[in-house]
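run-v7.cif follows (mmCIF, C-alpha atoms and all ligand atoms):
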data_structure
loop_
_atom_site.label_atom_id
_atom_site.label_comp_id
_atom_site.auth_asym_id
_atom_site.auth_seq_id
_atom_site.Cartn_x
_atom_site.Cartn_y
_atom_site.Cartn_z
CA MET A 1 68.04 83.73 143.33
CA SER A 2 69.42 81.97 140.26
CA LEU A 3 72.27 79.53 140.92
CA VAL A 4 73.88 80.58 137.67
CA SER A 5 76.13 83.60 137.28
CA ALA A 6 77.57 83.81 133.77
CA SER A 7 80.49 86.07 134.72
CA GLY A 8 80.91 85.80 138.50
CA PRO A 9 84.05 84.48 140.20
CA LEU A 10 84.84 80.76 139.79
CA ARG A 11 83.21 78.78 142.58
CA HIS A 12 84.67 75.79 144.40
CA ASP A 13 81.93 75.43 147.00
CA TRP A 14 79.06 73.88 145.07
CA SER A 15 76.70 71.87 147.25
CA ARG A 16 75.14 68.61 146.14
CA THR A 17 71.68 70.19 146.42
CA GLU A 18 72.65 73.04 144.13
CA VAL A 19 74.07 70.73 141.50
CA GLU A 20 71.04 68.45 141.66
CA ALA A 21 68.80 71.51 141.30
CA LEU A 22 70.60 72.40 138.05
CA PHE A 23 70.07 68.88 136.72
CA ALA A 24 66.37 69.16 137.59
CA LEU A 25 65.75 72.39 135.63
CA PRO A 26 63.42 72.15 132.64
CA PHE A 27 65.63 71.16 129.67
CA PRO A 28 65.22 74.46 127.75
CA VAL A 29 65.93 76.52 130.88
CA LEU A 30 69.09 74.51 131.66
CA LEU A 31 70.33 74.85 128.07
CA HIS A 32 69.60 78.56 128.04
CA GLN A 33 71.54 79.12 131.28
CA ALA A 34 74.47 76.95 130.15
CA GLY A 35 74.48 78.74 126.79
CA GLU A 36 74.67 82.09 128.54
CA VAL A 37 77.68 80.94 130.60
CA HIS A 38 79.27 79.55 127.44
CA ARG A 39 78.76 82.75 125.42
CA THR A 40 80.06 84.95 128.26
CA ASN A 41 83.31 83.03 128.55
CA PHE A 42 83.95 81.76 125.01
CA ASP A 43 83.13 82.32 121.39
CA PRO A 44 80.50 79.57 121.02
CA ALA A 45 81.48 79.07 117.36
CA GLU A 46 84.92 77.79 118.40
CA VAL A 47 85.75 74.21 119.24
CA GLN A 48 89.11 73.01 120.55
CA VAL A 49 90.36 69.99 118.61
CA SER A 50 92.54 67.23 120.12
CA THR A 51 93.79 64.01 118.55
CA LEU A 52 94.51 60.88 120.60
CA LEU A 53 97.09 58.18 120.07
CA SER A 54 97.52 55.03 122.10
CA VAL A 55 101.30 54.83 122.51
CA LYS A 56 101.08 51.70 124.66
CA THR A 57 98.00 49.57 124.23
CA GLY A 58 96.36 46.85 126.35
CA GLY A 59 97.67 44.42 128.94
CA CYS A 60 96.76 46.77 131.80
CA PRO A 61 96.71 45.25 135.32
CA GLU A 62 93.84 47.46 136.54
CA ASP A 63 90.18 46.37 136.74
CA CYS A 64 88.32 49.47 135.42
CA ALA A 65 84.98 47.89 134.49
CA TYR A 66 84.54 49.98 131.35
CA CYS A 67 87.97 49.47 129.86
CA PRO A 68 88.81 47.34 126.82
CA GLN A 69 92.51 47.57 127.72
CA ALA A 70 92.30 45.77 131.08
CA GLN A 71 94.16 42.49 130.71
CA ARG A 72 91.65 40.58 132.83
CA TYR A 73 88.75 41.13 130.40
CA HIS A 74 88.73 39.35 127.08
CA THR A 75 88.03 42.11 124.61
CA GLY A 76 90.30 41.16 121.72
CA VAL A 77 92.59 44.16 122.30
CA GLU A 78 96.17 43.04 121.68
CA ALA A 79 98.82 44.25 124.10
CA THR A 80 101.69 46.21 122.54
CA LYS A 81 104.97 47.65 123.78
CA LEU A 82 105.58 51.40 124.06
CA MET A 83 105.80 52.88 120.55
CA GLU A 84 109.03 54.29 119.20
CA THR A 85 109.27 58.09 119.24
CA GLU A 86 109.69 58.29 115.47
CA ALA A 87 106.37 56.51 114.85
CA VAL A 88 104.58 58.74 117.39
CA VAL A 89 105.95 61.87 115.75
CA GLU A 90 104.75 60.69 112.36
CA ARG A 91 101.21 60.34 113.76
CA ALA A 92 101.42 63.72 115.46
CA ARG A 93 102.51 65.33 112.20
CA ALA A 94 99.50 63.80 110.44
CA ALA A 95 97.18 64.96 113.22
CA LYS A 96 98.50 68.50 112.86
CA ALA A 97 98.08 68.40 109.09
CA ALA A 98 94.48 67.26 109.60
CA GLY A 99 93.82 70.27 111.84
CA ALA A 100 94.38 69.14 115.43
CA SER A 101 95.96 71.65 117.82
CA ARG A 102 96.58 69.24 120.71
CA PHE A 103 98.02 65.75 120.61
CA CYS A 104 97.29 63.38 123.49
CA MET A 105 99.39 60.28 124.08
CA GLY A 106 97.73 57.51 126.09
CA ALA A 107 99.29 54.47 127.74
CA ALA A 108 97.47 51.52 129.32
CA TRP A 109 99.46 51.68 132.54
CA ARG A 110 98.43 51.71 136.19
CA SER A 111 101.36 54.14 136.47
CA PRO A 112 104.53 54.56 134.44
CA LYS A 113 107.72 52.95 135.72
CA ASP A 114 110.54 55.43 136.32
CA ARG A 115 112.44 53.82 133.45
CA ASP A 116 109.56 54.67 131.04
CA ILE A 117 109.77 58.39 131.75
CA PRO A 118 112.82 59.29 129.59
CA LYS A 119 111.24 57.60 126.57
CA VAL A 120 107.89 59.35 127.06
CA ALA A 121 109.75 62.62 127.69
CA ASP A 122 111.44 62.17 124.33
CA MET A 123 108.05 61.77 122.59
CA ILE A 124 106.74 64.86 124.34
CA ARG A 125 109.73 66.97 123.30
CA GLU A 126 109.42 65.90 119.66
CA VAL A 127 105.65 66.39 119.48
CA LYS A 128 105.95 69.80 121.12
CA ALA A 129 108.61 70.74 118.56
CA LEU A 130 105.96 70.31 115.84
CA GLY A 131 104.07 73.23 117.38
CA LEU A 132 101.32 71.10 118.90
CA GLU A 133 100.04 71.34 122.44
CA THR A 134 101.01 68.16 124.25
CA CYS A 135 98.89 66.00 126.53
CA ALA A 136 99.56 62.59 128.07
CA THR A 137 97.52 60.09 130.04
CA LEU A 138 99.72 57.43 131.59
CA GLY A 139 97.98 56.54 134.86
CA MET A 140 99.06 57.59 138.35
CA LEU A 141 102.12 59.85 138.60
CA SER A 142 104.51 60.59 141.45
CA GLY A 143 105.55 64.20 142.05
CA GLU A 144 108.97 63.51 140.52
CA GLN A 145 107.47 61.94 137.41
CA ALA A 146 105.11 64.91 136.95
CA THR A 147 108.05 67.31 137.26
CA ALA A 148 110.06 65.36 134.67
CA LEU A 149 107.16 65.36 132.18
CA LYS A 150 106.61 69.08 132.67
CA ALA A 151 110.31 69.70 132.04
CA ALA A 152 110.03 67.78 128.76
CA GLY A 153 107.32 70.19 127.60
CA LEU A 154 104.09 68.46 128.63
CA ASP A 155 101.28 71.03 128.64
CA TYR A 156 98.35 68.91 129.90
CA TYR A 157 98.02 65.72 131.89
CA ASN A 158 94.78 63.77 131.56
CA HIS A 159 93.74 61.86 134.66
CA ASN A 160 90.04 61.29 135.19
CA LEU A 161 88.04 60.97 138.39
CA ASP A 162 85.75 58.88 136.18
CA THR A 163 82.69 59.08 138.45
CA SER A 164 81.45 60.12 141.90
CA PRO A 165 83.26 59.04 145.08
CA GLU A 166 80.17 56.96 146.03
CA PHE A 167 79.87 55.03 142.75
CA TYR A 168 83.60 54.66 142.17
CA GLY A 169 83.94 51.38 144.11
CA ASP A 170 81.38 49.74 141.79
CA ILE A 171 83.65 50.45 138.82
CA ILE A 172 87.27 50.22 140.00
CA LYS A 173 88.73 48.27 142.90
CA THR A 174 92.45 48.24 142.09
CA ARG A 175 93.04 51.86 143.11
CA GLU A 176 91.38 54.42 145.31
CA TYR A 177 89.65 57.69 144.51
CA GLN A 178 92.24 59.37 146.73
CA ASP A 179 95.04 58.02 144.49
CA ARG A 180 93.47 59.96 141.62
CA LEU A 181 93.20 63.14 143.67
CA ASP A 182 96.87 62.72 144.67
CA THR A 183 97.99 62.41 141.03
CA LEU A 184 96.01 65.52 140.11
CA ALA A 185 97.74 67.39 142.94
CA HIS A 186 101.15 66.27 141.64
CA VAL A 187 100.22 67.48 138.15
CA ARG A 188 99.08 70.88 139.44
CA ASP A 189 102.12 71.22 141.68
CA ALA A 190 104.41 70.52 138.71
CA GLY A 191 102.77 73.47 136.92
CA MET A 192 100.93 71.46 134.26
CA LYS A 193 97.37 72.03 133.15
CA THR A 194 94.90 69.38 134.19
CA CYS A 195 92.53 67.50 131.93
CA CYS A 196 90.09 65.69 134.19
CA GLY A 197 86.60 64.36 133.70
CA GLY A 198 84.91 61.00 133.56
CA ILE A 199 82.35 58.68 132.04
CA VAL A 200 78.58 58.76 132.20
CA GLY A 201 76.21 55.96 131.24
CA MET A 202 77.86 53.38 133.51
CA GLY A 203 74.62 52.71 135.40
CA GLU A 204 75.10 55.59 137.84
CA SER A 205 72.12 57.57 139.12
CA ARG A 206 71.53 61.26 138.44
CA ARG A 207 72.53 61.92 142.06
CA GLU A 208 75.87 60.24 141.33
CA ARG A 209 76.35 62.21 138.12
CA ALA A 210 75.70 65.37 140.14
CA ALA A 211 78.21 64.24 142.78
CA PHE A 212 80.80 63.54 140.08
CA LEU A 213 80.50 67.05 138.61
CA GLN A 214 80.37 68.59 142.08
CA THR A 215 83.66 66.84 142.95
CA LEU A 216 85.31 68.12 139.76
CA ALA A 217 84.13 71.68 140.33
CA ASN A 218 85.23 71.69 143.97
CA LEU A 219 88.81 70.61 143.20
CA PRO A 220 91.39 73.23 144.29
CA ALA A 221 91.47 74.40 140.64
CA HIS A 222 88.91 73.67 137.95
CA PRO A 223 90.44 71.28 135.42
CA ASP A 224 91.49 73.24 132.31
CA SER A 225 89.83 70.56 130.17
CA VAL A 226 86.90 68.44 131.29
CA PRO A 227 86.36 65.36 129.11
CA ILE A 228 82.83 64.01 129.43
CA ASN A 229 82.85 60.51 127.95
CA ARG A 230 79.70 58.56 127.18
CA LEU A 231 80.47 54.91 127.95
CA VAL A 232 81.60 53.03 124.85
CA GLN A 233 80.30 49.54 125.56
CA VAL A 234 82.93 47.00 124.62
CA GLU A 235 82.14 43.29 124.53
CA GLY A 236 84.05 41.41 127.21
CA THR A 237 84.06 44.30 129.73
CA PRO A 238 81.77 44.01 132.78
CA LEU A 239 79.83 47.12 131.67
CA HIS A 240 78.90 45.67 128.30
CA GLY A 241 75.10 45.48 128.24
CA THR A 242 74.54 48.40 130.66
CA THR A 243 71.26 50.22 130.02
CA GLU A 244 71.98 53.18 127.74
CA LEU A 245 71.76 56.64 129.24
CA ASP A 246 68.92 58.86 127.98
CA PRO A 247 70.62 61.17 125.43
CA PHE A 248 68.94 64.22 127.00
CA GLU A 249 70.48 63.28 130.34
CA PHE A 250 73.86 63.26 128.60
CA VAL A 251 73.19 66.78 127.29
CA ARG A 252 72.15 67.86 130.80
CA THR A 253 75.47 66.55 132.12
CA ILE A 254 77.36 68.69 129.60
CA ALA A 255 75.24 71.74 130.48
CA VAL A 256 75.79 71.35 134.23
CA ALA A 257 79.55 70.89 133.68
CA ARG A 258 79.57 74.14 131.67
CA ILE A 259 77.75 76.03 134.43
CA LEU A 260 79.93 74.69 137.26
CA MET A 261 83.24 75.19 135.40
CA PRO A 262 82.57 78.27 133.22
CA LYS A 263 86.11 78.82 131.96
CA SER A 264 87.11 75.21 131.33
CA MET A 265 87.04 73.44 127.99
CA VAL A 266 84.21 70.92 128.23
CA ARG A 267 85.06 68.09 125.88
CA LEU A 268 82.45 65.99 124.15
CA SER A 269 84.67 62.91 124.34
CA ALA A 270 84.26 59.15 123.84
CA GLY A 271 80.90 57.97 122.54
CA ARG A 272 80.51 60.47 119.69
CA GLU A 273 80.67 57.79 117.01
CA SER A 274 77.24 56.49 117.99
CA MET A 275 75.73 59.97 118.49
CA SER A 276 73.59 61.61 115.85
CA ASP A 277 74.67 64.98 114.46
CA GLU A 278 71.61 66.47 116.17
CA LEU A 279 72.65 65.14 119.57
CA GLN A 280 76.16 66.52 119.12
CA ALA A 281 74.69 69.89 118.10
CA LEU A 282 72.66 69.93 121.33
CA CYS A 283 75.88 69.23 123.25
CA PHE A 284 77.59 72.22 121.58
CA MET A 285 74.57 74.35 122.49
CA ALA A 286 74.83 73.09 126.07
CA GLY A 287 78.40 74.37 126.28
CA ALA A 288 80.67 71.64 124.93
CA ASN A 289 83.59 73.32 123.15
CA SER A 290 86.15 70.61 122.57
CA ILE A 291 86.27 67.24 120.80
CA PHE A 292 88.55 64.33 120.08
CA TYR A 293 89.20 64.45 116.35
CA GLY A 294 90.49 61.59 114.21
CA GLU A 295 89.16 58.16 113.35
CA LYS A 296 90.26 56.43 116.53
CA LEU A 297 90.16 57.18 120.24
CA LEU A 298 92.57 54.76 121.95
CA THR A 299 91.22 51.37 120.84
CA THR A 300 87.66 52.22 119.77
CA GLY A 301 86.23 54.26 116.93
CA ASN A 302 85.50 57.97 116.61
CA PRO A 303 83.66 59.77 113.79
CA ASP A 304 85.80 60.04 110.67
CA THR A 305 87.27 63.45 109.95
CA GLU A 306 85.01 64.05 106.92
CA ARG A 307 81.93 63.61 109.09
CA ASP A 308 83.29 66.02 111.71
CA LEU A 309 84.27 68.62 109.15
CA ALA A 310 80.87 68.39 107.53
CA LEU A 311 79.24 68.81 110.94
CA PHE A 312 81.41 71.86 111.73
CA ASP A 313 80.48 73.29 108.36
CA ARG A 314 76.75 72.70 108.83
CA LEU A 315 76.82 74.22 112.32
CA GLY A 316 79.14 77.13 111.47
CA LEU A 317 81.74 75.96 113.97
CA ARG A 318 85.48 76.41 113.59
CA PRO A 319 88.56 75.04 115.33
CA MET A 320 90.08 77.10 118.10
CA GLN A 321 93.48 78.67 117.65
CA VAL A 322 96.09 78.26 120.35
CA VAL A 323 98.78 80.64 121.53
CA GLU A 324 101.58 80.05 124.01
CA THR A 325 101.18 81.37 127.57
CA THR A 326 101.86 79.93 130.98
CA ASN A 327 98.41 80.65 132.38
CA THR A 328 95.91 77.94 133.14
CA VAL A 329 92.18 77.58 132.59
CA HIS A 330 91.87 78.42 128.91
CA ALA A 331 93.84 81.67 129.06
CA ASP A 332 95.96 80.25 126.27
CA ILE A 333 93.04 79.94 123.91
CA ILE A 334 92.14 83.05 121.99
CA ALA A 335 89.55 83.95 119.42
CA ALA A 336 90.52 82.72 115.99
CA ASP A 337 88.82 85.18 113.72
CA THR A 338 91.41 84.60 111.01
CA ILE A 339 90.46 80.94 110.62
CA GLU A 340 88.27 80.04 107.68
CA PRO A 341 85.42 77.68 108.57
CA PRO A 342 86.52 74.20 107.48
CA HIS A 343 84.83 72.65 104.49
CA ALA A 344 84.43 68.92 104.11
CA GLY A 345 87.00 67.60 101.69
CA ASP A 346 89.40 70.53 102.06
CA ALA A 347 92.98 69.61 102.96
CA PRO A 348 94.52 70.41 105.32
CA ALA A 349 91.25 70.05 107.11
CA CYS A 350 91.06 72.68 109.85
CA THR A 351 93.79 75.08 108.83
CA ARG A 352 95.15 77.00 111.80
CA ALA A 353 96.35 80.55 111.47
CA ALA A 354 100.14 80.72 111.67
N1 LIG A 401 95.61 54.10 131.94
C1 LIG A 401 95.47 55.47 132.17
C2 LIG A 401 94.40 55.81 133.18
O1 LIG A 401 93.53 55.01 133.43
O2 LIG A 401 94.47 56.92 133.73
C3 LIG A 401 95.22 56.30 130.91
C4 LIG A 401 94.30 55.79 129.84
S1 LIG A 401 92.59 55.52 130.27
C5 LIG A 401 92.05 54.60 128.90
C6 LIG A 401 91.89 57.14 130.12
C7 LIG A 401 90.40 57.29 130.33
O3 LIG A 401 89.70 56.79 129.21
C8 LIG A 401 89.75 56.60 131.50
O4 LIG A 401 89.97 57.25 132.71
C9 LIG A 401 88.28 56.65 131.09
O5 LIG A 401 87.67 57.81 131.59
C10 LIG A 401 88.34 56.67 129.55
N2 LIG A 401 87.77 55.44 128.99
C11 LIG A 401 88.38 54.23 128.96
N3 LIG A 401 87.56 53.31 128.41
C12 LIG A 401 86.40 53.93 128.09
C13 LIG A 401 85.17 53.51 127.51
N4 LIG A 401 84.94 52.25 127.19
N5 LIG A 401 84.20 54.44 127.34
C14 LIG A 401 84.42 55.73 127.69
N6 LIG A 401 85.55 56.18 128.24
C15 LIG A 401 86.54 55.30 128.46
C1 LIG A 402 89.36 60.67 128.06
O1 LIG A 402 88.71 61.17 129.00
N1 LIG A 402 88.84 59.97 127.06
C2 LIG A 402 89.86 59.48 126.19
C3 LIG A 402 91.14 60.16 126.76
N2 LIG A 402 90.67 60.77 127.95
C4 LIG A 402 92.37 59.39 126.94
C5 LIG A 402 89.92 58.01 126.08
C6 LIG A 402 88.62 57.38 125.64
C7 LIG A 402 88.86 55.91 125.49
C8 LIG A 402 87.67 55.20 124.92
C9 LIG A 402 87.92 53.74 124.80
C10 LIG A 402 89.04 53.37 123.89
O2 LIG A 402 89.13 53.88 122.76
O3 LIG A 402 89.83 52.48 124.28
FE1 LIG A 403 94.19 50.45 132.67
FE2 LIG A 403 93.58 53.02 132.29
FE3 LIG A 403 92.07 51.04 131.22
FE4 LIG A 403 92.01 51.44 133.85
S1 LIG A 403 91.34 52.89 132.26
S2 LIG A 403 92.20 49.46 132.81
S3 LIG A 403 94.12 52.04 134.24
S4 LIG A 403 94.16 51.53 130.72
#

Can I see the file as structure tokens?
Ligand code: SAM
Ligand code: DTB
Ligand code: SF4
Amino acid sequence: MSLVSASGPLRHDWSRTEVEALFALPFPVLLHQAGEVHRTNFDPAEVQVSTLLSVKTGGCPEDCAYCPQAQRYHTGVEATKLMETEAVVERARAAKAAGASRFCMGAAWRSPKDRDIPKVADMIREVKALGLETCATLGMLSGEQATALKAAGLDYYNHNLDTSPEFYGDIIKTREYQDRLDTLAHVRDAGMKTCCGGIVGMGESRRERAAFLQTLANLPAHPDSVPINRLVQVEGTPLHGTTELDPFEFVRTIAVARILMPKSMVRLSAGRESMSDELQALCFMAGANSIFYGEKLLTTGNPDTERDLALFDRLGLRPMQVVETTNTVHADIIAADTIEPPHAGDAPACTRAA
């Protein structure tokens, strides 16, 4: 019997063997199956578009071996204070004008201090008032902090598992896997949507990549968004110089994520700047339906908007439209048949229907 059901109920009981068996399928078979799941649950021509802003950069006390913002590594990233709301709103307005529908604010914190919350809540309120979906990634949250952010209008909270439970200790020692699961529970309990994924290409084995996706899919609720980052190797971090992951293995990871979490947005995340257009196209065929859009991620580069718009144009893709509901797992995203495909050079870039 095939492991893949394009329209069956969401599963939370994937076994390691099953997930490894998906990874081991012949590449065209895996892509075909993932494509079927993608087409059953989404319009494959639509891509959700998020823009990131680092609202508090660098100086982080954690030891995440991939991260240019960890204070202990010498990466040339300058530490800054938390941005003023006005400056954040200006960037959010520009992101909206360029075609983003979600704005994600990132802070290089282990966890926010209680005194930071009112200021971040202010940013969230103002960004939300622009008609954007809001997302934040601020590190570990207590239940009370999650509730306060939700009350301010936060739609999504990004907190990644990053990798498998087994490989995790090779990458991060300053906090436990369980701490991450606890934060995700606080986010869900507060009624926010979860954005949770991780990084591949950190030297993990295929078995560990399978375990990472298995853990994500077996969470009490599938994350609404699943960012799959390809490691951006930054000089000064311990992972600089890691052997690059085979690009086809990256595509397989996207395809397996799509099959395990059929109704989630699978985001082709960090690492796109160094990917060819052809590799990105394969990722969209494998079921990726979300990107980070805009010239910068948090501290590293991303493709410029002209390149992305040209790619959308060449592939016949268009940005997803968003409507307000309280449901989770993509129920808020509807078909956007009124949206014109973006053309490189047009402004505003990815015009959303009103
Ligand atoms: N400090 C908060 C935290 O760790 O939860 C929020 C920001 S942190 C930069 C968000 C995520 O960015 C990390 O969990 C990791 O998955 C991703 N990330 C950081 N550096 C990266 C890199 N060099 N390559 C790919 N992804 C990276
Ligand atoms: C996620 O999974 N990827 C984004 C977002 N969530 C916050 C961050 C990528 C960061 C890449 C390295 C940098 O730009 O500092
Ligand atoms: Fe700090 Fe987040 Fe970077 Fe880890 S990933 S060092 S917690 S900013």

Distance criterion (only C-alpha atoms): nearest to Glu18 of chain A out of A:Val4, A:Ser50, A:Leu282, A:Arg102: A:Val4

Residue contacts of Thr137 of chain A (7 Å, all atoms listed in the file) excluding same-chain residues fewer than 6 positions away, as an MDAnalysis selection string: chainID A and resid 105:107 157:159

Show me which residues are within 8 Å of ligand LIG 401 (chain A) counting all atoms listed in the file, and format the list as a ChimeraX atom specification. /A:60,64,66-69,106-111,137-140,158-162,197-200,229-234,269-271,298,300

Written selection (C-alpha atoms) as an mmCIF file, in the frame of the given file:
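Result saved to out.cif:
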data_model
loop_
_atom_site.group_PDB
_atom_site.id
_atom_site.type_symbol
_atom_site.label_atom_id
_atom_site.label_comp_id
_atom_site.auth_asym_id
_atom_site.auth_seq_id
_atom_site.Cartn_x
_atom_site.Cartn_y
_atom_site.Cartn_z
ATOM 1 C CA CYS A 60 96.760 46.770 131.800
ATOM 2 C CA CYS A 64 88.320 49.470 135.420
ATOM 3 C CA TYR A 66 84.540 49.980 131.350
ATOM 4 C CA CYS A 67 87.970 49.470 129.860
ATOM 5 C CA PRO A 68 88.810 47.340 126.820
ATOM 6 C CA GLN A 69 92.510 47.570 127.720
ATOM 7 C CA GLY A 106 97.730 57.510 126.090
ATOM 8 C CA ALA A 107 99.290 54.470 127.740
ATOM 9 C CA ALA A 108 97.470 51.520 129.320
ATOM 10 C CA TRP A 109 99.460 51.680 132.540
ATOM 11 C CA ARG A 110 98.430 51.710 136.190
ATOM 12 C CA SER A 111 101.360 54.140 136.470
ATOM 13 C CA THR A 137 97.520 60.090 130.040
ATOM 14 C CA LEU A 138 99.720 57.430 131.590
ATOM 15 C CA GLY A 139 97.980 56.540 134.860
ATOM 16 C CA MET A 140 99.060 57.590 138.350
ATOM 17 C CA ASN A 158 94.780 63.770 131.560
ATOM 18 C CA HIS A 159 93.740 61.860 134.660
ATOM 19 C CA ASN A 160 90.040 61.290 135.190
ATOM 20 C CA LEU A 161 88.040 60.970 138.390
ATOM 21 C CA ASP A 162 85.750 58.880 136.180
ATOM 22 C CA GLY A 197 86.600 64.360 133.700
ATOM 23 C CA GLY A 198 84.910 61.000 133.560
ATOM 24 C CA ILE A 199 82.350 58.680 132.040
ATOM 25 C CA VAL A 200 78.580 58.760 132.200
ATOM 26 C CA ASN A 229 82.850 60.510 127.950
ATOM 27 C CA ARG A 230 79.700 58.560 127.180
ATOM 28 C CA LEU A 231 80.470 54.910 127.950
ATOM 29 C CA VAL A 232 81.600 53.030 124.850
ATOM 30 C CA GLN A 233 80.300 49.540 125.560
ATOM 31 C CA VAL A 234 82.930 47.000 124.620
ATOM 32 C CA SER A 269 84.670 62.910 124.340
ATOM 33 C CA ALA A 270 84.260 59.150 123.840
ATOM 34 C CA GLY A 271 80.900 57.970 122.540
ATOM 35 C CA LEU A 298 92.570 54.760 121.950
ATOM 36 C CA THR A 300 87.660 52.220 119.770
#

Of the candidates A:Asp63, A:Glu244, A:Asp155, A:Glu36, which one gets nearest to ligand LIG 403 (chain A) if we count all atoms listed in the file?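 Using all atoms listed in the file, ligand LIG 403 (chain A) sits closest to A:Asp63.
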
Give as a PyMOL selection string the set of residues within 8 Å of the point (73.8, 75.7, 133.1), where distances use the file's coordinates and all atoms listed in the file. chain A and resi 4+22+30-37+255-260+286

Quick one, how far is atom CA of Glu208 of chain A from atom CA of Leu297 of chain A?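 For atom CA of Glu208 of chain A relative to atom CA of Leu297 of chain A, the distance reads 25.7 Å.
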
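With all atoms listed in the file as the basis for measurement, A:Glu204 is the residue among A:Glu86, A:Glu144, A:Glu235, A:Glu204 that approaches Pro165 of chain A most closely.
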
Can you fill out segment 249-264 of chain A with N, CA and C atoms and hand it back as a CSV table (one decimal), in the coordinates of the input?
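Below is the file that was written, part10.csv:
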chain,number,residue,atom,x,y,z
A,249,GLU,N,69.8,63.2,129.1
A,249,GLU,CA,70.5,63.3,130.3
A,249,GLU,C,72.0,63.5,130.1
A,250,PHE,N,72.5,63.0,129.0
A,250,PHE,CA,73.9,63.3,128.6
A,250,PHE,C,74.0,64.8,128.3
A,251,VAL,N,73.1,65.3,127.6
A,251,VAL,CA,73.2,66.8,127.3
A,251,VAL,C,73.1,67.6,128.6
A,252,ARG,N,72.2,67.2,129.5
A,252,ARG,CA,72.2,67.9,130.8
A,252,ARG,C,73.5,67.8,131.5
A,253,THR,N,74.2,66.7,131.4
A,253,THR,CA,75.5,66.6,132.1
A,253,THR,C,76.5,67.6,131.6
A,254,ILE,N,76.5,67.7,130.2
A,254,ILE,CA,77.4,68.7,129.6
A,254,ILE,C,77.0,70.1,130.1
A,255,ALA,N,75.7,70.4,130.1
A,255,ALA,CA,75.2,71.7,130.5
A,255,ALA,C,75.6,72.1,131.9
A,256,VAL,N,75.5,71.1,132.8
A,256,VAL,CA,75.8,71.4,134.2
A,256,VAL,C,77.3,71.5,134.4
A,257,ALA,N,78.1,70.7,133.6
A,257,ALA,CA,79.6,70.9,133.7
A,257,ALA,C,79.9,72.3,133.2
A,258,ARG,N,79.3,72.8,132.2
A,258,ARG,CA,79.6,74.1,131.7
A,258,ARG,C,79.3,75.2,132.7
A,259,ILE,N,78.1,75.0,133.4
A,259,ILE,CA,77.8,76.0,134.4
A,259,ILE,C,78.7,76.0,135.6
A,260,LEU,N,79.1,74.8,136.1
A,260,LEU,CA,79.9,74.7,137.3
A,260,LEU,C,81.4,75.1,137.0
A,261,MET,N,81.8,74.9,135.7
A,261,MET,CA,83.2,75.2,135.4
A,261,MET,C,83.3,76.1,134.2
A,262,PRO,N,82.9,77.4,134.4
A,262,PRO,CA,82.6,78.3,133.2
A,262,PRO,C,83.7,78.5,132.3
A,263,LYS,N,85.0,78.5,132.8
A,263,LYS,CA,86.1,78.8,132.0
A,263,LYS,C,86.9,77.6,131.5
A,264,SER,N,86.4,76.4,131.8
A,264,SER,CA,87.1,75.2,131.3
A,264,SER,C,86.6,74.8,130.0
